[in-house]
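Source file entry-v1.txt; content: compact mmCIF, C-alpha atoms.
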```txt
# COMPACT_ATOMS: atom_id res chain seq x y z
CA MET A 1 1.87 48.63 1.51
CA ALA A 2 2.68 46.19 -1.28
CA THR A 3 0.49 43.11 -1.44
CA LYS A 4 2.45 39.86 -1.32
CA THR A 5 1.39 36.40 -2.39
CA ASN A 6 1.13 33.92 0.46
CA PRO A 7 3.70 31.18 -0.27
CA LEU A 8 1.35 28.55 1.17
CA LEU A 9 -0.91 29.00 -1.85
CA ASP A 10 1.64 26.78 -3.59
CA PRO A 11 1.17 23.18 -2.35
CA LYS A 12 4.92 22.62 -2.73
CA ASN A 13 5.41 24.93 0.26
CA GLN A 14 2.95 23.00 2.43
CA SER A 15 3.85 20.15 4.75
CA PRO A 16 2.57 16.65 3.92
CA ALA A 17 -0.01 16.93 6.71
CA SER A 18 -1.49 20.04 5.10
CA ARG A 19 -1.42 18.53 1.61
CA ALA A 20 -3.30 15.50 2.96
CA VAL A 21 -6.12 17.85 4.00
CA HIS A 22 -6.18 20.35 1.15
CA GLY A 23 -4.34 18.79 -1.78
CA GLY A 24 -6.12 18.45 -5.11
CA THR A 25 -9.34 20.11 -3.99
CA GLU A 26 -11.41 21.63 -6.80
CA ARG A 27 -14.54 23.55 -5.79
CA SER A 28 -17.65 24.02 -7.86
CA HIS A 29 -19.44 27.36 -8.19
CA HIS A 30 -21.20 26.53 -4.89
CA GLY A 31 -17.95 26.92 -2.94
CA GLU A 32 -18.45 23.75 -0.88
CA THR A 33 -15.99 23.05 1.96
CA SER A 34 -16.08 19.26 1.59
CA GLU A 35 -15.02 17.82 -1.74
CA ALA A 36 -17.94 17.36 -4.12
CA LEU A 37 -19.05 13.83 -4.99
CA TYR A 38 -19.67 13.50 -8.72
CA LEU A 39 -21.71 10.33 -9.12
CA SER A 40 -21.88 10.48 -12.88
CA SER A 41 -20.89 7.87 -15.42
CA GLY A 42 -20.61 10.33 -18.31
CA PHE A 43 -20.42 14.01 -19.16
CA THR A 44 -22.11 16.24 -21.72
CA TYR A 45 -20.71 18.58 -24.36
CA ALA A 46 -22.14 21.85 -25.64
CA THR A 47 -21.45 20.91 -29.24
CA SER A 48 -20.32 17.96 -31.33
CA GLU A 49 -17.11 19.84 -32.05
CA GLU A 50 -16.43 20.16 -28.32
CA ALA A 51 -16.93 16.41 -27.95
CA ARG A 52 -14.52 15.76 -30.81
CA MET A 53 -11.88 18.04 -29.31
CA ARG A 54 -12.21 16.50 -25.85
CA PHE A 55 -11.89 12.96 -27.17
CA LYS A 56 -8.88 14.06 -29.20
CA GLY A 57 -7.30 15.60 -26.13
CA GLU A 58 -7.27 19.06 -27.66
CA THR A 59 -9.25 20.52 -24.76
CA GLU A 60 -9.39 19.56 -21.10
CA GLY A 61 -12.45 17.96 -19.56
CA HIS A 62 -13.97 14.69 -18.52
CA ILE A 63 -15.40 12.15 -20.91
CA TYR A 64 -16.32 8.99 -19.01
CA SER A 65 -15.83 7.99 -15.38
CA ARG A 66 -14.09 4.76 -16.24
CA PHE A 67 -10.95 6.80 -16.72
CA SER A 68 -11.72 10.39 -15.73
CA ASN A 69 -13.97 11.87 -13.05
CA PRO A 70 -13.73 15.09 -11.00
CA THR A 71 -13.89 13.36 -7.60
CA VAL A 72 -11.41 10.68 -8.63
CA GLU A 73 -9.13 13.36 -10.01
CA MET A 74 -9.10 15.15 -6.66
CA PHE A 75 -8.13 11.91 -4.91
CA GLN A 76 -5.39 11.26 -7.45
CA ASN A 77 -3.98 14.78 -7.19
CA ARG A 78 -4.05 14.67 -3.39
CA MET A 79 -2.18 11.36 -3.33
CA ALA A 80 0.38 12.66 -5.82
CA GLY A 81 0.92 15.76 -3.68
CA LEU A 82 1.24 13.73 -0.49
CA GLU A 83 3.85 11.46 -2.09
CA GLY A 84 5.70 14.24 -3.88
CA ALA A 85 4.84 12.46 -7.14
CA ASP A 86 4.22 13.86 -10.60
CA ALA A 87 0.91 12.05 -11.05
CA ALA A 88 -1.36 9.31 -9.71
CA ARG A 89 -4.19 7.05 -10.80
CA GLY A 90 -6.85 5.50 -8.58
CA THR A 91 -7.95 1.90 -9.01
CA ALA A 92 -10.80 -0.24 -7.74
CA THR A 93 -8.62 -2.21 -5.30
CA GLY A 94 -5.05 -2.52 -4.13
CA MET A 95 -4.56 -5.63 -6.25
CA ALA A 96 -5.81 -3.68 -9.28
CA ALA A 97 -3.08 -1.13 -8.53
CA VAL A 98 -0.38 -3.81 -8.33
CA THR A 99 -1.53 -5.62 -11.47
CA THR A 100 -1.96 -2.42 -13.48
CA ALA A 101 1.43 -1.06 -12.43
CA LEU A 102 3.27 -4.25 -13.43
CA MET A 103 1.35 -4.81 -16.66
CA SER A 104 2.08 -1.23 -17.71
CA LEU A 105 5.80 -2.02 -17.72
CA VAL A 106 6.01 -5.39 -19.46
CA GLN A 107 5.05 -7.33 -22.57
CA ALA A 108 5.53 -10.89 -23.77
CA GLY A 109 9.20 -11.86 -23.62
CA ASP A 110 10.04 -9.60 -20.70
CA HIS A 111 11.20 -10.58 -17.21
CA VAL A 112 10.31 -9.39 -13.72
CA VAL A 113 12.40 -9.72 -10.55
CA ALA A 114 10.49 -9.61 -7.27
CA SER A 115 11.18 -10.21 -3.62
CA ARG A 116 9.86 -13.61 -2.55
CA ALA A 117 8.17 -12.14 0.52
CA LEU A 118 4.98 -10.74 -0.96
CA PHE A 119 1.30 -10.65 -0.05
CA GLY A 120 -0.34 -13.81 -1.40
CA GLY A 121 -2.24 -11.99 -4.16
CA CYS A 122 0.86 -10.07 -5.27
CA ARG A 123 2.90 -13.23 -5.43
CA TYR A 124 0.16 -14.84 -7.53
CA VAL A 125 0.37 -11.99 -10.06
CA VAL A 126 4.15 -12.30 -10.33
CA GLU A 127 4.45 -16.07 -10.13
CA ASP A 128 1.32 -17.32 -11.91
CA PHE A 129 -0.49 -14.56 -13.78
CA LEU A 130 2.28 -12.75 -15.67
CA PRO A 131 3.85 -15.98 -17.02
CA ARG A 132 0.50 -16.80 -18.69
CA TRP A 133 1.14 -13.80 -20.92
CA GLY A 134 4.76 -14.63 -21.66
CA VAL A 135 6.39 -12.59 -18.88
CA SER A 136 8.80 -14.68 -16.83
CA SER A 137 9.64 -13.95 -13.22
CA THR A 138 12.31 -14.63 -10.63
CA LEU A 139 11.70 -14.45 -6.88
CA VAL A 140 14.62 -13.60 -4.62
CA ASP A 141 15.35 -13.16 -0.93
CA GLY A 142 14.80 -9.41 -0.75
CA ARG A 143 16.83 -8.88 2.40
CA ASP A 144 20.09 -8.78 0.43
CA PRO A 145 20.33 -6.40 -2.56
CA LYS A 146 22.96 -8.66 -4.13
CA ASN A 147 20.18 -11.19 -4.83
CA PHE A 148 18.45 -8.67 -7.08
CA GLU A 149 21.67 -7.95 -8.93
CA ALA A 150 22.23 -11.66 -9.53
CA ALA A 151 18.70 -12.15 -10.87
CA MET A 152 18.72 -9.30 -13.40
CA ARG A 153 18.64 -10.20 -17.08
CA ASP A 154 18.88 -8.28 -20.32
CA ASN A 155 15.08 -8.50 -20.63
CA THR A 156 14.29 -7.52 -17.02
CA LYS A 157 11.85 -4.62 -17.25
CA ALA A 158 10.52 -4.38 -13.71
CA VAL A 159 11.62 -4.98 -10.12
CA PHE A 160 8.83 -5.32 -7.58
CA VAL A 161 9.04 -5.37 -3.78
CA GLU A 162 7.09 -4.85 -0.59
CA SER A 163 8.84 -3.25 2.36
CA PRO A 164 8.04 -3.98 5.11
CA THR A 165 6.73 -7.30 3.84
CA ASN A 166 3.46 -9.04 4.58
CA PRO A 167 3.37 -10.71 7.09
CA THR A 168 6.88 -11.15 8.54
CA ILE A 169 7.98 -7.49 8.35
CA GLU A 170 11.13 -8.13 6.32
CA LEU A 171 12.74 -5.01 4.87
CA VAL A 172 14.21 -4.35 1.44
CA ASP A 173 16.97 -1.76 1.06
CA LEU A 174 14.97 0.42 -1.32
CA GLU A 175 17.79 2.79 -2.21
CA ALA A 176 20.17 -0.03 -3.07
CA VAL A 177 17.62 -2.00 -5.11
CA GLY A 178 16.48 1.14 -6.88
CA LYS A 179 20.04 1.77 -8.06
CA ILE A 180 20.31 -1.81 -9.30
CA ALA A 181 17.07 -1.53 -11.26
CA LYS A 182 18.12 1.78 -12.80
CA ALA A 183 21.54 0.43 -13.78
CA HIS A 184 19.82 -2.35 -15.72
CA GLY A 185 17.22 -0.12 -17.34
CA ALA A 186 14.35 -1.61 -15.33
CA LYS A 187 11.58 0.23 -13.50
CA PHE A 188 11.28 -0.12 -9.73
CA VAL A 189 7.83 -0.68 -8.23
CA VAL A 190 7.30 -0.56 -4.44
CA ASP A 191 4.25 -1.68 -2.48
CA ASN A 192 4.32 0.76 0.44
CA VAL A 193 1.16 -0.37 2.25
CA PHE A 194 2.72 -1.52 5.52
CA ALA A 195 4.90 1.59 5.92
CA THR A 196 2.18 4.02 4.72
CA PRO A 197 3.04 7.40 3.12
CA ILE A 198 3.56 8.72 6.65
CA TYR A 199 6.62 6.62 7.48
CA GLN A 200 8.29 5.88 4.14
CA SER A 201 8.77 7.72 0.85
CA PRO A 202 9.89 5.21 -1.80
CA LEU A 203 10.02 7.78 -4.61
CA GLU A 204 12.76 9.60 -2.70
CA LEU A 205 14.65 6.30 -2.45
CA GLY A 206 14.59 5.47 -6.16
CA ALA A 207 11.16 3.98 -6.89
CA ASP A 208 9.50 4.78 -10.22
CA LEU A 209 6.02 3.68 -9.16
CA VAL A 210 4.52 3.24 -5.69
CA VAL A 211 1.34 1.24 -5.16
CA TYR A 212 -1.15 1.21 -2.29
CA SER A 213 -4.20 -0.66 -1.27
CA ALA A 214 -6.13 2.44 -0.25
CA THR A 215 -8.55 0.02 1.42
CA LYS A 216 -6.05 -0.13 4.26
CA HIS A 217 -4.73 2.93 6.10
CA ILE A 218 -5.94 5.54 3.59
CA ASP A 219 -9.60 4.65 4.16
CA GLY A 220 -8.62 3.21 7.51
CA GLN A 221 -12.13 2.50 8.74
CA GLY A 222 -13.14 -0.65 6.89
CA ARG A 223 -15.59 1.03 4.52
CA CYS A 224 -14.46 0.90 0.91
CA LEU A 225 -12.11 -0.86 -1.48
CA GLY A 226 -9.62 1.18 -3.45
CA GLY A 227 -6.08 1.39 -4.73
CA VAL A 228 -3.72 3.99 -6.10
CA ILE A 229 -0.55 4.16 -8.20
CA VAL A 230 1.73 7.18 -7.84
CA GLY A 231 4.92 8.07 -9.63
CA ASP A 232 6.58 9.36 -12.76
CA LYS A 233 4.24 11.42 -14.95
CA GLU A 234 5.29 9.74 -18.17
CA LEU A 235 4.55 6.29 -16.76
CA ILE A 236 1.31 7.27 -15.03
CA GLU A 237 -0.17 9.27 -17.89
CA GLY A 238 1.15 6.78 -20.41
CA ASP A 239 0.61 3.04 -20.11
CA VAL A 240 -0.86 3.10 -16.58
CA HIS A 241 -3.64 5.42 -17.73
CA THR A 242 -4.11 3.47 -20.96
CA ILE A 243 -4.58 0.18 -19.13
CA ILE A 244 -7.13 1.73 -16.77
CA ARG A 245 -8.94 3.38 -19.68
CA GLN A 246 -9.04 0.28 -21.86
CA THR A 247 -9.50 -2.52 -19.31
CA GLY A 248 -11.45 -0.73 -16.57
CA PRO A 249 -9.95 -1.44 -13.10
CA SER A 250 -11.31 1.96 -12.11
CA ILE A 251 -12.13 3.30 -8.66
CA SER A 252 -15.70 4.50 -8.22
CA PRO A 253 -16.24 8.21 -7.51
CA PHE A 254 -17.92 7.35 -4.21
CA ASN A 255 -14.96 5.26 -3.03
CA ALA A 256 -12.55 7.97 -4.16
CA TRP A 257 -14.54 10.48 -2.10
CA VAL A 258 -14.29 8.22 0.97
CA MET A 259 -10.53 8.00 0.42
CA LEU A 260 -10.30 11.77 0.22
CA LYS A 261 -11.94 12.06 3.61
CA GLY A 262 -9.68 9.33 4.98
CA LEU A 263 -6.57 11.20 3.85
CA GLU A 264 -7.57 14.15 6.04
CA THR A 265 -6.94 12.11 9.19
CA LEU A 266 -4.34 9.65 7.88
CA GLY A 267 -1.41 11.17 9.74
CA LEU A 268 -3.21 11.41 13.07
CA ARG A 269 -4.54 7.87 12.85
CA VAL A 270 -1.31 6.23 11.76
CA GLU A 271 0.78 8.04 14.36
CA LYS A 272 -1.51 6.89 17.18
CA MET A 273 -1.65 3.37 15.77
CA ALA A 274 2.15 3.30 15.60
CA GLN A 275 2.41 4.43 19.23
CA ASN A 276 0.11 1.59 20.21
CA ALA A 277 2.05 -0.87 18.05
CA SER A 278 5.33 0.07 19.70
CA ALA A 279 3.84 -0.57 23.14
CA VAL A 280 2.38 -3.89 21.98
CA ALA A 281 5.72 -4.95 20.46
CA ASN A 282 7.54 -4.16 23.70
CA MET A 283 5.01 -6.15 25.70
CA LEU A 284 5.11 -9.17 23.37
CA ALA A 285 8.92 -9.14 23.18
CA ASN A 286 9.05 -9.69 26.93
CA HIS A 287 6.21 -12.18 27.22
CA PRO A 288 7.14 -15.76 28.23
CA LYS A 289 4.63 -17.30 25.81
CA VAL A 290 5.87 -15.36 22.77
CA GLU A 291 8.80 -16.82 20.86
CA ARG A 292 9.55 -13.90 18.57
CA VAL A 293 8.21 -10.46 17.61
CA TYR A 294 8.51 -8.95 14.14
CA TYR A 295 8.25 -5.15 14.28
CA ALA A 296 10.34 -2.72 12.24
CA GLY A 297 10.44 -0.24 15.09
CA HIS A 298 11.73 -2.67 17.73
CA PRO A 299 15.49 -3.07 18.37
CA SER A 300 15.13 -6.86 18.18
CA HIS A 301 14.35 -6.66 14.47
CA PRO A 302 17.37 -8.01 12.54
CA GLN A 303 17.12 -5.10 10.07
CA TYR A 304 16.49 -2.43 12.69
CA ASP A 305 19.33 -0.24 11.38
CA LEU A 306 17.84 -0.28 7.88
CA ALA A 307 14.43 0.57 9.30
CA GLN A 308 15.96 3.57 11.05
CA LYS A 309 17.58 4.63 7.79
CA GLN A 310 14.63 4.46 5.39
CA MET A 311 11.57 4.68 7.65
CA SER A 312 10.65 7.51 9.99
CA GLY A 313 8.63 5.19 12.25
CA GLY A 314 7.70 1.56 12.75
CA SER A 315 4.08 1.96 11.55
CA ASN A 316 1.29 -0.17 13.00
CA MET A 317 1.98 -3.61 11.52
CA LEU A 318 3.65 -6.40 13.46
CA ALA A 319 3.65 -10.17 13.77
CA PHE A 320 4.62 -12.63 16.45
CA ASP A 321 5.24 -16.34 16.95
CA VAL A 322 3.58 -17.90 19.95
CA LYS A 323 5.41 -20.69 21.75
CA GLY A 324 3.56 -23.78 20.60
CA LYS A 325 1.71 -24.89 17.51
CA GLN A 326 -1.19 -23.80 15.31
CA ALA A 327 -3.73 -24.70 17.97
CA ASP A 328 -2.00 -22.33 20.38
CA ALA A 329 -2.02 -19.49 17.84
CA TYR A 330 -5.73 -20.14 17.28
CA THR A 331 -6.31 -20.10 21.03
CA VAL A 332 -4.76 -16.66 21.34
CA ALA A 333 -6.76 -15.21 18.45
CA ASP A 334 -10.00 -16.82 19.64
CA HIS A 335 -9.76 -15.40 23.16
CA LEU A 336 -9.28 -11.76 22.18
CA ALA A 337 -12.14 -9.34 22.90
CA LEU A 338 -11.21 -5.98 21.32
CA ILE A 339 -8.86 -7.32 18.66
CA LYS A 340 -10.95 -8.85 15.90
CA ILE A 341 -10.10 -11.77 13.61
CA SER A 342 -10.03 -10.47 10.03
CA ASN A 343 -7.70 -10.52 7.03
CA ASN A 344 -7.90 -6.75 6.53
CA LEU A 345 -5.33 -4.34 8.00
CA GLY A 346 -4.73 -0.64 8.58
CA ASP A 347 -8.14 -0.27 10.19
CA ALA A 348 -9.05 1.89 13.18
CA LYS A 349 -9.96 -1.40 14.86
CA SER A 350 -7.13 -3.76 15.79
CA ILE A 351 -7.16 -6.88 13.61
CA ILE A 352 -5.40 -10.21 13.89
CA THR A 353 -5.07 -13.05 11.40
CA HIS A 354 -3.31 -16.39 11.00
CA PRO A 355 -1.46 -15.97 7.67
CA ALA A 356 -0.64 -19.64 7.11
CA THR A 357 -4.34 -20.48 6.85
CA THR A 358 -5.65 -17.21 5.40
CA THR A 359 -3.69 -14.64 3.39
CA HIS A 360 -0.85 -17.01 2.49
CA GLN A 361 -2.64 -20.37 2.53
CA ARG A 362 -2.24 -20.74 -1.26
CA LEU A 363 1.54 -21.08 -0.92
CA GLU A 364 3.07 -24.52 -0.66
CA GLU A 365 4.13 -25.48 2.84
CA GLU A 366 7.83 -25.32 1.93
CA ASP A 367 7.37 -21.82 0.50
CA ARG A 368 5.69 -20.66 3.69
CA ALA A 369 8.50 -22.19 5.73
CA GLU A 370 11.07 -20.37 3.60
CA LEU A 371 9.29 -17.10 4.30
CA GLY A 372 9.00 -17.76 8.04
CA ILE A 373 5.21 -18.07 7.88
CA SER A 374 4.86 -20.82 10.43
CA GLU A 375 1.73 -22.35 11.92
CA LYS A 376 2.39 -20.39 15.12
CA LEU A 377 2.65 -16.96 13.45
CA LEU A 378 -0.02 -14.30 13.98
CA ARG A 379 -0.13 -10.99 12.10
CA LEU A 380 -1.45 -8.02 14.05
CA SER A 381 -2.66 -4.70 12.66
CA VAL A 382 -2.76 -2.38 15.67
CA GLY A 383 -5.62 0.11 15.78
CA LEU A 384 -6.80 3.12 17.73
CA GLU A 385 -8.04 1.50 20.93
CA ALA A 386 -6.63 2.54 24.29
CA GLU A 387 -3.10 1.22 24.71
CA GLU A 388 -3.82 -0.30 28.11
CA ASP A 389 -6.85 -2.16 26.75
CA LEU A 390 -4.86 -3.66 23.89
CA LEU A 391 -2.16 -4.86 26.27
CA SER A 392 -4.76 -6.35 28.62
CA ASP A 393 -6.55 -8.05 25.73
CA LEU A 394 -3.35 -9.71 24.50
CA GLN A 395 -2.29 -10.64 28.04
CA PHE A 396 -5.58 -12.43 28.68
CA ALA A 397 -5.43 -14.28 25.36
CA LEU A 398 -1.85 -15.39 25.89
CA ASP A 399 -2.71 -16.63 29.39
CA GLN A 400 -5.04 -19.17 27.77
CA ILE A 401 -2.19 -21.24 26.30
```

Any chance you could put this one into structure tokens?
Amino acid sequence: MATKTNPLLDPKNQSPASRAVHGGTERSHHGETSEALYLSSGFTYATSEEARMRFKGETEGHIYSRFSNPTVEMFQNRMAGLEGADAARGTATGMAAVTTALMSLVQAGDHVVASRALFGGCRYVVEDFLPRWGVSSTLVDGRDPKNFEAAMRDNTKAVFVESPTNPTIELVDLEAVGKIAKAHGAKFVVDNVFATPIYQSPLELGADLVVYSATKHIDGQGRCLGGVIVGDKELIEGDVHTIIRQTGPSISPFNAWVMLKGLETLGLRVEKMAQNASAVANMLANHPKVERVYYAGHPSHPQYDLAQKQMSGGSNMLAFDVKGKQADAYTVADHLALIKISNNLGDAKSIITHPATTTHQRLEEEDRAELGISEKLLRLSVGLEAEEDLLSDLQFALDQI
């Protein structure tokens, strides 16, 4: 009988769930089942000539863990495989991923267009940091692609969006905006944290680079900071890699190893969290003390049809306005038992925060009002607790106002 090659030996023939478990794994001569953790800052060479060739790029191998490490490489390759990307680079934090991705695309005299609804740190990079280095920016209402078209200039080199947005779960039509960016010769960068790789694939919708705070769902258990940039090989192995190599926003091998282990259960965790979030959204949408719910997977969302088109699920992130004022929002958060007050998200534990006084407090009051970040808004990252306990926890807290 002829021996055939198992097609599943090629990662391209594996499902995303399988690639999240096996992708990128490189085993040492010991044949370990769990990925090896290489806690080494540098690497040795058998000869001076070997060192010269490796630094020159004439032979493969690692040089220094600021920009190349076996454990980090496994994490990068697994993320690239999960996203269907050509390449990836890990970073120390999610904000390092955002900053590195944008800086890799621009220089003094260039222009960036971004959706106005961004995480506070991301908006700072676009609105305050890049202009210090001669890169101007324009913020637009990302809900209408026509606003991106109107903002494009001859020197626009990058378009940057989050979808769904933090914290009000606005959506950007990624396919439409991607076409606009391409038509103008600009690169399209998408922050996909809220959707996760499980429920949205921006590269398939026209993105050139996708960024994540791996601190969130990828780790998913509140342990380590990390970020990752995935996308086009030329961009990743070009200026993205150069910036990481020369400026050092590098992820540590230990954190990369934690992220590798997190990826193994990412799909299971996010799917359960999304089931819980859907139940929570339904409960809040019908609660007399809740004014409005923001959840991409709920029919009340004004962009529900777009969510159905470009997302395969609502994910675990939602927000809601209580009926009342800031004191009432505080009352709800302060009377929760299982749901903890924290500014993190994507954790196994459910987390709630008051964006107007935490993640988005730096914005001027009129900017927060424009974005719908009112004093009565609470952002909720739904975790892995029992659904009935989460509903009871929220019911009790809402009864206190």

> At what distance in Å, to one decimal, does CA of Glu73 in chain A lie from CA of Gly383 in chain A?
Replying inline: 29.2 Å

>> When you count all atoms listed in the file, which of these residues is closest to Pro288 in chain A: A:Cys122, A:Ala51, A:Leu398, A:Ala195?
In response: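 Closest to Pro288 in chain A, using all atoms listed in the file: A:Leu398.
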
>> Let me make sure I understand: among A:Thr71, A:Gln221, A:Thr91, A:Ser201, which one has the smallest atom-to-atom distance to Arg27 in chain A if we use all atoms listed in the file?
In response: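 For Arg27 in chain A, the nearest of the candidates is A:Thr71.
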
> Nearest to Thr215 in chain A: which of A:Met152, A:Ile251, A:Met53, A:Val140 is it, counting all atoms listed in the file?
Replying inline: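 That would be A:Ile251, the residue with the smallest distance to Thr215 in chain A.
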
>> Please determine, counting all atoms listed in the file, which residue among A:Tyr212, A:Trp133, A:Tyr199, A:Tyr38 has the shortest atom-to-atom distance to Met95 in chain A.
In response: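 The shortest atom-to-atom distance to Met95 in chain A comes from A:Tyr212.
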
Box time for range 217-224 of chain A: axis-aligned, enclosing all its listed atoms, 4 Å extra on each side; report centre and edge lengths in Å to one decimal, as JSON.
```
{"center_x": -10.2, "center_y": 2.4, "center_z": 4.8, "size_x": 18.9, "size_y": 14.2, "size_z": 15.8}
```

> For the point (8.3, -12.2, -7.1) in file coordinates, what residues are within 8 Å, counting only C-alpha atoms? Give the answer as a list in words?
Replying inline: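 Every residue inside that radius is included here: Val112, Val113, Ala114, Ser115, Arg116, Ala117, Leu118, Cys122, Arg123, Val126, Glu127, Ser137, Thr138, Leu139, Val140, Phe160 and Val161 of chain A.
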
> Can you tell me how far CA of Phe43 in chain A sits from CA of Pro70 in chain A, in Å to one decimal?
Replying inline: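 These two atoms are separated by 10.6 Å.
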
Hey, can you pull every residue with an atom no more than 9 Å from (-3.3, -21.3, 14.9), using only C-alpha atoms, and send it as an mmCIF file with C-alpha atoms, in the coordinates of the input?
```cif
data_model
loop_
_atom_site.group_PDB
_atom_site.id
_atom_site.type_symbol
_atom_site.label_atom_id
_atom_site.label_comp_id
_atom_site.auth_asym_id
_atom_site.auth_seq_id
_atom_site.Cartn_x
_atom_site.Cartn_y
_atom_site.Cartn_z
ATOM 1 C CA LYS A 325 1.710 -24.890 17.510
ATOM 2 C CA GLN A 326 -1.190 -23.800 15.310
ATOM 3 C CA ALA A 327 -3.730 -24.700 17.970
ATOM 4 C CA ASP A 328 -2.000 -22.330 20.380
ATOM 5 C CA ALA A 329 -2.020 -19.490 17.840
ATOM 6 C CA TYR A 330 -5.730 -20.140 17.280
ATOM 7 C CA THR A 331 -6.310 -20.100 21.030
ATOM 8 C CA VAL A 332 -4.760 -16.660 21.340
ATOM 9 C CA ALA A 333 -6.760 -15.210 18.450
ATOM 10 C CA HIS A 354 -3.310 -16.390 11.000
ATOM 11 C CA ALA A 356 -0.640 -19.640 7.110
ATOM 12 C CA THR A 357 -4.340 -20.480 6.850
ATOM 13 C CA GLU A 375 1.730 -22.350 11.920
ATOM 14 C CA LYS A 376 2.390 -20.390 15.120
ATOM 15 C CA LEU A 377 2.650 -16.960 13.450
ATOM 16 C CA LEU A 378 -0.020 -14.300 13.980
#
```

Test item: residues at most 9 Å from Ala158 in chain A, only C-alpha atoms, excluding those fewer than 4 positions along its chain, as a JSON list (two decimals) with C-alpha atoms, keeping the file's coordinate frame:
```
[["chain", "number", "residue", "atom", "x", "y", "z"],
["A", 102, "LEU", "CA", 3.27, -4.25, -13.43],
["A", 105, "LEU", "CA", 5.80, -2.02, -17.72],
["A", 106, "VAL", "CA", 6.01, -5.39, -19.46],
["A", 110, "ASP", "CA", 10.04, -9.60, -20.70],
["A", 111, "HIS", "CA", 11.20, -10.58, -17.21],
["A", 112, "VAL", "CA", 10.31, -9.39, -13.72],
["A", 113, "VAL", "CA", 12.40, -9.72, -10.55],
["A", 114, "ALA", "CA", 10.49, -9.61, -7.27],
["A", 181, "ALA", "CA", 17.07, -1.53, -11.26],
["A", 185, "GLY", "CA", 17.22, -0.12, -17.34],
["A", 186, "ALA", "CA", 14.35, -1.61, -15.33],
["A", 187, "LYS", "CA", 11.58, 0.23, -13.50],
["A", 188, "PHE", "CA", 11.28, -0.12, -9.73],
["A", 189, "VAL", "CA", 7.83, -0.68, -8.23]]
```

>> What's the separation between CA of Glu387 in chain A and CA of Ser278 in chain A, in Å to one decimal place?
In response: 9.9 Å

> Between A:Arg54, A:His62, A:Arg223, A:Lys309, which is the closest to Asp173 in chain A once you count all atoms listed in the file?
Replying inline: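 Closest residue, counting all atoms listed in the file: A:Lys309.
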
> For Glu234 in chain A, which residue among A:Val135, A:Ile339, A:Thr99, A:Ser104 is the nearest when counting only C-alpha atoms?
Replying inline: A:Ser104
